[in-house]
Every structure is written in structure tokens, then in C-alpha cells.
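What follows is the content of data.txt, which has compact mmCIF, C-alpha atoms and all ligand atoms:
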# COMPACT_ATOMS: atom_id res chain seq x y z
CA MET A 1194 -35.45 2.95 -5.75
CA ASP A 1195 -37.20 1.26 -2.80
CA LYS A 1196 -35.35 0.26 0.33
CA ILE A 1197 -33.80 -3.17 0.90
CA ALA A 1198 -35.33 -5.28 3.67
CA ILE A 1199 -32.87 -7.05 5.97
CA LEU A 1200 -34.72 -9.72 7.91
CA PHE A 1201 -32.46 -11.10 10.62
CA GLY A 1202 -32.44 -12.95 13.90
CA PRO A 1203 -31.73 -13.58 16.65
CA THR A 1204 -31.07 -10.17 18.17
CA GLY A 1205 -28.20 -9.39 20.49
CA GLY A 1206 -25.50 -11.59 18.98
CA ASN A 1207 -23.29 -12.00 15.96
CA THR A 1208 -26.22 -12.13 13.53
CA GLU A 1209 -27.54 -8.73 14.58
CA LYS A 1210 -24.02 -7.29 14.45
CA ALA A 1211 -23.62 -8.60 10.89
CA ALA A 1212 -27.09 -7.35 9.85
CA ARG A 1213 -26.18 -3.85 11.01
CA MET A 1214 -22.87 -4.04 9.14
CA VAL A 1215 -24.71 -5.03 5.94
CA ALA A 1216 -27.11 -2.11 6.46
CA LYS A 1217 -24.21 0.28 6.97
CA ALA A 1218 -22.43 -0.98 3.85
CA PHE A 1219 -25.49 -0.17 1.73
CA GLY A 1220 -26.08 3.07 3.61
CA GLU A 1221 -28.49 2.88 6.54
CA ASP A 1222 -31.12 5.02 4.76
CA GLN A 1223 -31.18 2.42 1.96
CA THR A 1224 -32.21 -0.46 4.21
CA HIS A 1225 -34.96 -1.46 6.62
CA LEU A 1226 -34.07 -3.91 9.41
CA ILE A 1227 -36.76 -6.43 10.39
CA PRO A 1228 -36.24 -8.84 13.34
CA VAL A 1229 -37.30 -12.36 12.39
CA LYS A 1230 -39.28 -12.69 15.61
CA ASP A 1231 -42.97 -12.29 14.75
CA ALA A 1232 -42.15 -11.28 11.13
CA GLN A 1233 -45.07 -11.76 8.72
CA GLU A 1234 -45.50 -11.84 4.96
CA SER A 1235 -46.97 -8.33 5.14
CA ASP A 1236 -43.66 -7.04 6.57
CA LEU A 1237 -41.84 -8.16 3.41
CA MET A 1238 -44.39 -7.34 0.72
CA PRO A 1239 -43.40 -3.67 0.30
CA PHE A 1240 -39.86 -4.70 -0.69
CA SER A 1241 -38.57 -6.01 -4.01
CA ARG A 1242 -35.11 -6.75 -2.56
CA ILE A 1243 -34.82 -8.86 0.59
CA ILE A 1244 -31.76 -10.02 2.55
CA PHE A 1245 -32.20 -12.82 5.07
CA GLY A 1246 -29.63 -13.35 7.84
CA GLY A 1247 -29.43 -16.05 10.49
CA PRO A 1248 -26.98 -18.29 12.35
CA THR A 1249 -26.86 -22.04 12.07
CA ILE A 1250 -28.03 -22.63 15.63
CA GLY A 1251 -26.67 -20.08 18.06
CA THR A 1252 -27.71 -17.65 20.70
CA HIS A 1253 -31.34 -18.28 19.84
CA THR A 1254 -30.91 -21.89 20.87
CA TRP A 1255 -28.73 -21.85 23.92
CA SER A 1256 -29.36 -18.63 25.78
CA ASP A 1257 -32.96 -17.65 25.22
CA ASP A 1258 -35.65 -20.27 25.04
CA ASN A 1259 -38.20 -17.71 23.86
CA GLN A 1260 -36.22 -17.01 20.71
CA LYS A 1261 -35.61 -20.69 20.06
CA LYS A 1262 -38.25 -21.16 17.43
CA ASP A 1263 -38.26 -17.75 15.76
CA TRP A 1264 -36.59 -18.95 12.55
CA ASP A 1265 -38.53 -22.22 12.58
CA ILE A 1266 -41.81 -20.32 12.80
CA PHE A 1267 -40.76 -17.83 10.14
CA LEU A 1268 -39.59 -20.55 7.74
CA THR A 1269 -42.99 -22.23 7.81
CA ARG A 1270 -44.46 -18.83 6.88
CA LEU A 1271 -41.80 -18.13 4.25
CA TYR A 1272 -42.53 -21.43 2.56
CA LYS A 1273 -46.08 -20.27 1.84
CA MET A 1274 -45.28 -16.68 0.85
CA ASN A 1275 -45.39 -15.29 -2.65
CA LEU A 1276 -41.99 -13.74 -3.37
CA LYS A 1277 -42.39 -13.72 -7.15
CA GLY A 1278 -40.62 -10.74 -8.68
CA LYS A 1279 -38.45 -10.23 -5.61
CA SER A 1280 -34.67 -10.69 -5.42
CA CYS A 1281 -33.45 -12.48 -2.31
CA ALA A 1282 -30.00 -12.89 -0.76
CA VAL A 1283 -28.87 -14.72 2.37
CA PHE A 1284 -26.04 -14.31 4.84
CA GLY A 1285 -25.34 -16.76 7.61
CA LEU A 1286 -23.24 -16.98 10.74
CA GLY A 1287 -21.38 -20.20 11.38
CA ASP A 1288 -18.27 -21.85 12.76
CA GLN A 1289 -15.95 -23.62 10.32
CA VAL A 1290 -13.86 -25.28 13.05
CA SER A 1291 -16.41 -26.74 15.48
CA TYR A 1292 -19.11 -27.41 12.87
CA SER A 1293 -17.10 -28.22 9.77
CA PHE A 1294 -19.66 -30.79 8.57
CA LYS A 1295 -22.63 -28.45 9.05
CA PHE A 1296 -21.00 -25.15 8.20
CA VAL A 1297 -23.64 -22.42 7.73
CA ASP A 1298 -26.28 -25.03 6.85
CA ASP A 1299 -28.98 -22.43 7.52
CA ILE A 1300 -27.94 -20.42 4.46
CA GLY A 1301 -28.97 -23.39 2.33
CA ILE A 1302 -32.18 -23.94 4.26
CA ILE A 1303 -33.25 -20.29 4.10
CA ALA A 1304 -32.28 -20.01 0.42
CA ASP A 1305 -34.33 -23.11 -0.45
CA HIS A 1306 -37.38 -21.63 1.26
CA ALA A 1307 -36.97 -18.27 -0.49
CA VAL A 1308 -36.68 -19.95 -3.90
CA GLN A 1309 -39.65 -22.22 -3.13
CA ALA A 1310 -41.63 -19.04 -2.39
CA GLY A 1311 -40.79 -17.74 -5.86
CA GLY A 1312 -37.88 -15.44 -4.98
CA LYS A 1313 -34.88 -15.04 -7.27
CA LEU A 1314 -31.69 -15.93 -5.39
CA VAL A 1315 -28.72 -13.58 -5.84
CA GLY A 1316 -25.44 -13.04 -3.99
CA LEU A 1317 -23.86 -16.48 -4.37
CA VAL A 1318 -20.31 -16.65 -2.99
CA ASP A 1319 -17.13 -18.51 -4.03
CA PRO A 1320 -15.71 -20.90 -1.42
CA GLU A 1321 -12.16 -19.53 -1.60
CA GLY A 1322 -10.91 -18.56 1.86
CA TYR A 1323 -13.24 -20.90 3.76
CA THR A 1324 -12.20 -24.27 5.24
CA PHE A 1325 -15.04 -26.74 5.79
CA ASP A 1326 -16.02 -30.32 5.02
CA GLU A 1327 -19.74 -30.20 4.28
CA SER A 1328 -22.46 -27.60 4.09
CA LYS A 1329 -26.08 -27.57 2.99
CA ALA A 1330 -25.28 -24.06 1.76
CA PHE A 1331 -22.73 -25.31 -0.80
CA ARG A 1332 -24.13 -26.26 -4.22
CA ASN A 1333 -22.45 -26.56 -7.59
CA GLY A 1334 -19.24 -24.95 -6.37
CA LYS A 1335 -20.80 -21.93 -4.69
CA PHE A 1336 -22.28 -20.93 -1.35
CA LEU A 1337 -25.92 -19.91 -1.74
CA GLY A 1338 -25.15 -16.80 0.31
CA LEU A 1339 -22.46 -15.14 2.38
CA PRO A 1340 -20.89 -17.24 5.17
CA LEU A 1341 -19.54 -15.26 8.13
CA ASP A 1342 -17.47 -16.83 10.91
CA GLU A 1343 -17.29 -14.54 13.93
CA ASP A 1344 -15.98 -17.42 16.06
CA ASN A 1345 -12.77 -17.98 14.10
CA GLU A 1346 -12.34 -15.19 11.57
CA PRO A 1347 -13.95 -12.04 12.96
CA GLU A 1348 -11.25 -9.93 11.33
CA LEU A 1349 -12.57 -10.95 7.89
CA THR A 1350 -16.23 -10.09 8.48
CA HIS A 1351 -16.02 -6.43 7.51
CA GLU A 1352 -14.23 -7.11 4.23
CA ARG A 1353 -16.49 -10.06 3.39
CA ILE A 1354 -19.61 -7.96 3.93
CA ASN A 1355 -18.30 -5.01 1.92
CA HIS A 1356 -17.32 -7.28 -0.95
CA TRP A 1357 -20.72 -9.01 -0.89
CA VAL A 1358 -22.64 -5.76 -0.78
CA GLU A 1359 -20.75 -4.57 -3.87
CA LEU A 1360 -21.80 -7.82 -5.60
CA LEU A 1361 -25.42 -7.35 -4.51
CA LYS A 1362 -25.45 -3.81 -5.89
CA THR A 1363 -24.81 -5.33 -9.33
CA GLU A 1364 -27.16 -8.34 -8.95
CA PHE A 1365 -30.15 -6.92 -7.10
C1 LIG B 1401 -25.19 -24.94 20.20
C2 LIG B 1401 -24.55 -24.37 18.96
C3 LIG B 1401 -24.69 -25.05 17.77
C4 LIG B 1401 -24.10 -24.55 16.59
N1 LIG B 1401 -24.22 -25.24 15.42
C5 LIG B 1401 -23.61 -24.77 14.30
C6 LIG B 1401 -23.69 -25.49 13.08
O1 LIG B 1401 -24.32 -26.55 12.98
N2 LIG B 1401 -23.05 -24.98 11.97
C7 LIG B 1401 -22.33 -23.81 12.03
O2 LIG B 1401 -21.77 -23.40 11.01
N3 LIG B 1401 -22.26 -23.10 13.20
C8 LIG B 1401 -22.87 -23.55 14.32
N4 LIG B 1401 -22.78 -22.84 15.48
C9 LIG B 1401 -22.03 -21.55 15.50
C10 LIG B 1401 -22.96 -20.35 15.44
O3 LIG B 1401 -23.68 -20.32 14.22
C11 LIG B 1401 -22.13 -19.07 15.58
O4 LIG B 1401 -21.51 -19.04 16.83
C12 LIG B 1401 -22.92 -17.79 15.36
O5 LIG B 1401 -21.99 -16.72 15.25
C13 LIG B 1401 -23.94 -17.49 16.47
O6 LIG B 1401 -24.69 -16.34 16.08
P1 LIG B 1401 -25.57 -15.54 17.13
O7 LIG B 1401 -24.61 -14.89 18.11
O8 LIG B 1401 -26.33 -14.51 16.35
O9 LIG B 1401 -26.48 -16.52 17.76
C14 LIG B 1401 -23.36 -23.34 16.65
C15 LIG B 1401 -23.23 -22.65 17.87
C16 LIG B 1401 -23.82 -23.16 19.01
C17 LIG B 1401 -23.63 -22.42 20.31
Show the structure stored in the file as C-alpha cells.
Ligand SMILES: Cc1cc2nc3c(=O)[nH]c(=O)nc-3n(C[C@H](O)[C@H](O)[C@H](O)COP(=O)(O)O)c2cc1C
Amino acid sequence: MDKIAILFGPTGGNTEKAARMVAKAFGEDQTHLIPVKDAQESDLMPFSRIIFGGPTIGTHTWSDDNQKKDWDIFLTRLYKMNLKGKSCAVFGLGDQVSYSFKFVDDIGIIADHAVQAGGKLVGLVDPEGYTFDESKAFRNGKFLGLPLDEDNEPELTHERINHWVELLKTEF
């Protein structure tokens, strides 16, 4: 079976840490990590299974101006891509306490773009165990991907990722 692409960004923070944990949970030789910065459609075309990972605003916004627009630029590209026949899953970093009304919004935004591009969305997650008020990632009783909260619940990240990867192994 072909490898799984994990497209993530920014680098150097919680998102990269989570991307590497997802890769490890699958087995590193099963995955191919792709930084979102400068990523093109041609980088994704060889893969039939793609995982997208990003924070809802984060290091890319406040500590490195050059990385600020990486996801924005990629999303405009993603919108026009042809992902027909590909399975897509999304994980997102967020903060349930400080951003309870916008918790992991980017999961919803990225998922919408992937579906618009023709991808089949898998890896939806039950809300049990999360405390939040509103989220663009929450539809019809499920998150459209895996929320991770390194700010408030870092001790749960490992288990959440392992559980999600087991789900993806059955849905991909
Ligand atoms: C300026 C700023 C804005 C943020 N906005 C949100 C938000 O709207 N929703 C949310 O769930 N988390 C929000 N967060 C939390 C980040 O998503 C979280 O800290 C994440 O782990 C950062 O990932 P990174 O280290 O890869 O950048 C925000 C953080 C910062 C610093």
C-alpha cells in the first residue's frame, strides 16, 4: 500500500510535534511528512491518503511573519486541486480555554477545502472529553477531525492520536 502524506504547518511548534506523533503511530516508514510552506498540488498527487494538520492561529502568526500566510496560500491552492479518489483526514491544534468560541476552527476550514477539492473526509471525532462553546469544526455532533489541545491537556495528546490513528486504519 502507498504511504500516507501528512501535510502540516507551521514547523517548530505544537503542530509539528503532533504531526510527528501521528507519523510514529502509523509507523514512520508508512508516512511522508510535507511542510505546508510552499506545498503544491504535485506534492500530494502521489498519495491516495492525506492527513492535514494545522493550528487555529498560532506560532505561524505571532512569532514568524514569514510563516504567517503559509496555510492561507496553501488553502487557495487546495481549493482548486483535484483530490477525487483520495481519502483525507484533518487534525488541529487549539485551546479550549482561551478560545472556547473558536476552538480548532481551522479543522473545519481545512476539511471544507479538502471536500470542495473532491476528497473524501474520514476520521471524524466524537466531542466527549472536550469542553468548548463553538467551533467551525463541529458539525452534526462530530468534529470534522481530531482536536488536540497542547495548551491545556498535553497529557491527553498521545492517547488521542493513537486512538485516532486506529480509527483511520479502518476508514482510510
Ligand atoms: C494569537 C493566537 C491566537 C489563537 N487563536 C486560537 C483560536 O482561535 N482557536 C483555538 O482553538 N486556538 C487558538 N490558539 C491556540 C493555538 O492554536 C495553540 O496554541 C496551538 O497549539 C499552537 O500551535 P503551534 O505551536 O504549532 O503554532 C491561538 C493561539 C495564539 C497564540
When distances are computed from only C-alpha atoms and all ligand atoms, which of A:Asn1355, A:Thr1249, A:Thr1224, A:Gln1233 shows the smallest separation from ligand LIG 1401 (chain B)?
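Among the listed residues, the smallest separation from ligand LIG 1401 (chain B) belongs to A:Thr1249.
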Considering all atoms listed in the file, can you say which of A:Ala1212, A:Ile1266, A:Leu1314, A:Val1358 comes closest to ligand LIG 1401 (chain B)?
A:Ala1212
Using only C-alpha atoms, which protein or nucleic acid residues come within 7 Å of range 1285-1295 of chain A? Drop anything in the same chain fewer than 2 positions from it, and give the result as a count of residues only.
21
May I ask for the distance between CA of Gly1334 in chain A and atom C12 of ligand LIG 1401 (chain B), given in Å to one decimal place?
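A separation of 23.2 Å between them.
Between atom C3 of ligand LIG 1401 (chain B) and CA of Glu1209 in chain A the interatomic distance comes to 16.9 Å.
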From the list A:Asp1236, A:Glu1359, A:Glu1346, A:Asp1305, which residue is nearest Phe1219 in chain A when using all atoms listed in the file?
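The answer is A:Glu1359, which sits nearest to Phe1219 in chain A.
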Where is the centre and how long are the edges: axis-aligned box on ligand LIG 1401 (chain B), 6 Å on each side, Å to one decimal, as JSON:
{"center_x": -24.0, "center_y": -20.5, "center_z": 15.7, "size_x": 17.0, "size_y": 24.0, "size_z": 21.3}
Ranking A:Val1308, A:Val1229, A:Ala1211, A:Leu1349 by minimum distance to Leu1337 in chain A and counting only C-alpha atoms, which one comes first?
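Nearest candidate to Leu1337 in chain A out of A:Val1308, A:Val1229, A:Ala1211, A:Leu1349: A:Val1308.
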Answer as a ChimeraX atom specification, residues within 6 Å of (-40.0, -15.2, 12.4) using all atoms listed in the file
/A:1229-1232,1263-1264,1266-1267
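You can rank A:His1225, A:Lys1196, A:His1356, A:Lys1329 by their closest distance to Ile1303 in chain A using all atoms listed in the file, and at the top of that list sits A:Lys1329.
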Would you mind reading off the distance between CA of Lys1335 in chain A and CA of Lys1362 in chain A, one decimal, in Å?
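Straight-line distance from CA of Lys1335 in chain A to CA of Lys1362 in chain A works out to 18.7 Å.
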So, with only C-alpha atoms and all ligand atoms as the atoms that count, which of A:Ile1227, A:Phe1284, A:Arg1242, A:Tyr1272 lies closest to ligand LIG 1401 (chain B)?
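Among the listed residues, the smallest separation from ligand LIG 1401 (chain B) belongs to A:Phe1284.
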